[in-house]
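Colleague: This is the structure I want to talk about, given as structure tokens.
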Amino acid sequence: MVKKFVRKIGVLSLGKITGVIYAVMGLIFGVIITLTSLTVGSMMYSQGAGGMLFGVWAIIALPIFYGVLGFIGGVITALIFNAVTGVIGGLELEIE
């Protein structure tokens with residue numbers, strides 16, 4: 001096994017990856033909220049179409065919101081990682 005060290009992470013690269021991962025998670029949560037809202041909204045006549053529209057809105061807004069937050073979180077994580085590895089060294093990986 002060969003030991004390799006990761007000393008620097010591309011800031012925008014990690015931001016894009018985490019942004020896409022979080023957007024997919026937001027889509028999954030949006031689908032769950034939409035299905036729940038449509039089911040509960042159809043059972044409750046007093047809430048009417050407002051509850052169902054909230055569910056449809058969630059499937060659009062959550063992936064965008066989660067994706068933006070994931071991108072920002074990835075950029076911050078990469079910046080902190082790069083600063084820390086400059087002081088204490090890189091992340092050790094064993095590769096076969």
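Ligands are numbered from 1 in the order shown, residues from 1 within each chain, and chains are lettered A, B, ... in the order they appear in the structure tokens.
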Excluding Ile9 in chain A and residues on its chain fewer than 3 positions from it, collect all residues at most 12 Å away from it, counting only C-alpha atoms, and give them as a PyMOL selection string.

Modeller: chain A and resi 5-6+12-15+17+74-86+90-91

Colleague: Write the residues you've just listed into a file as a compact mmCIF listing (two decimals), in the first residue's frame, and include C-alpha atoms for each of them.

Modeller:
```txt
# COMPACT_ATOMS: atom_id res chain seq x y z
CA PHE A 5 -1.39 12.91 1.44
CA VAL A 6 -4.16 15.35 0.50
CA LEU A 12 -14.97 25.63 -5.90
CA SER A 13 -14.68 21.92 -6.65
CA LEU A 14 -15.82 20.93 -3.18
CA GLY A 15 -18.46 23.66 -3.25
CA ILE A 17 -19.93 18.70 -5.24
CA GLY A 74 -18.51 23.18 0.92
CA VAL A 75 -16.58 26.37 0.16
CA ILE A 76 -16.21 27.15 3.86
CA THR A 77 -15.15 23.55 4.60
CA ALA A 78 -12.50 23.62 1.86
CA LEU A 79 -11.13 26.96 3.06
CA ILE A 80 -10.87 25.69 6.63
CA PHE A 81 -9.33 22.38 5.47
CA ASN A 82 -6.71 24.17 3.41
CA ALA A 83 -5.83 26.48 6.31
CA VAL A 84 -5.56 23.62 8.80
CA THR A 85 -3.50 21.36 6.55
CA GLY A 86 -1.08 24.24 6.02
CA GLY A 90 -2.25 16.76 5.04
CA LEU A 91 -4.87 14.05 5.25
```

Colleague: Pick out the residues sitting within 8 Å of Gly70 in chain A, and hand them over as a ChimeraX atom specification; count only C-alpha atoms, and ignore anything fewer than 5 positions along from it in its own chain.

Modeller: /A:15,18-23

Colleague: So that I can see what lies close to Lys4 in chain A, please list as an NGL selection string the residues with an atom at most 8 Å from it, counting only C-alpha atoms and leaving out residues fewer than 6 positions away in the same chain.

Modeller: :A and (92-95)

Colleague: Suppose we keep N, CA, C and O atoms; can you now write the selection as a compact mmCIF listing (two decimals), in the first residue's frame?

Modeller:
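out_29.txt, written as the output of this step:
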```
# COMPACT_ATOMS: atom_id res chain seq x y z
N GLU A 92 -3.90 11.82 5.46
CA GLU A 92 -3.18 10.63 4.99
C GLU A 92 -4.18 9.61 4.44
O GLU A 92 -5.17 9.26 5.08
N LEU A 93 -3.90 9.12 3.22
CA LEU A 93 -4.71 8.09 2.58
C LEU A 93 -3.80 6.92 2.22
O LEU A 93 -2.67 7.12 1.77
N GLU A 94 -4.29 5.69 2.39
CA GLU A 94 -3.57 4.52 1.93
C GLU A 94 -4.23 4.04 0.65
O GLU A 94 -5.42 3.75 0.64
N ILE A 95 -3.44 3.93 -0.41
CA ILE A 95 -3.97 3.55 -1.71
C ILE A 95 -3.29 2.27 -2.15
O ILE A 95 -2.07 2.13 -2.08
```

Colleague: For a quick check of understanding, using only C-alpha atoms, which of A:Met1, A:Leu69, A:Val40, A:Val87 has the smallest distance to Gly55 in chain A?

Modeller: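 Once distances to Gly55 in chain A are computed over only C-alpha atoms, the minimum belongs to A:Val40.
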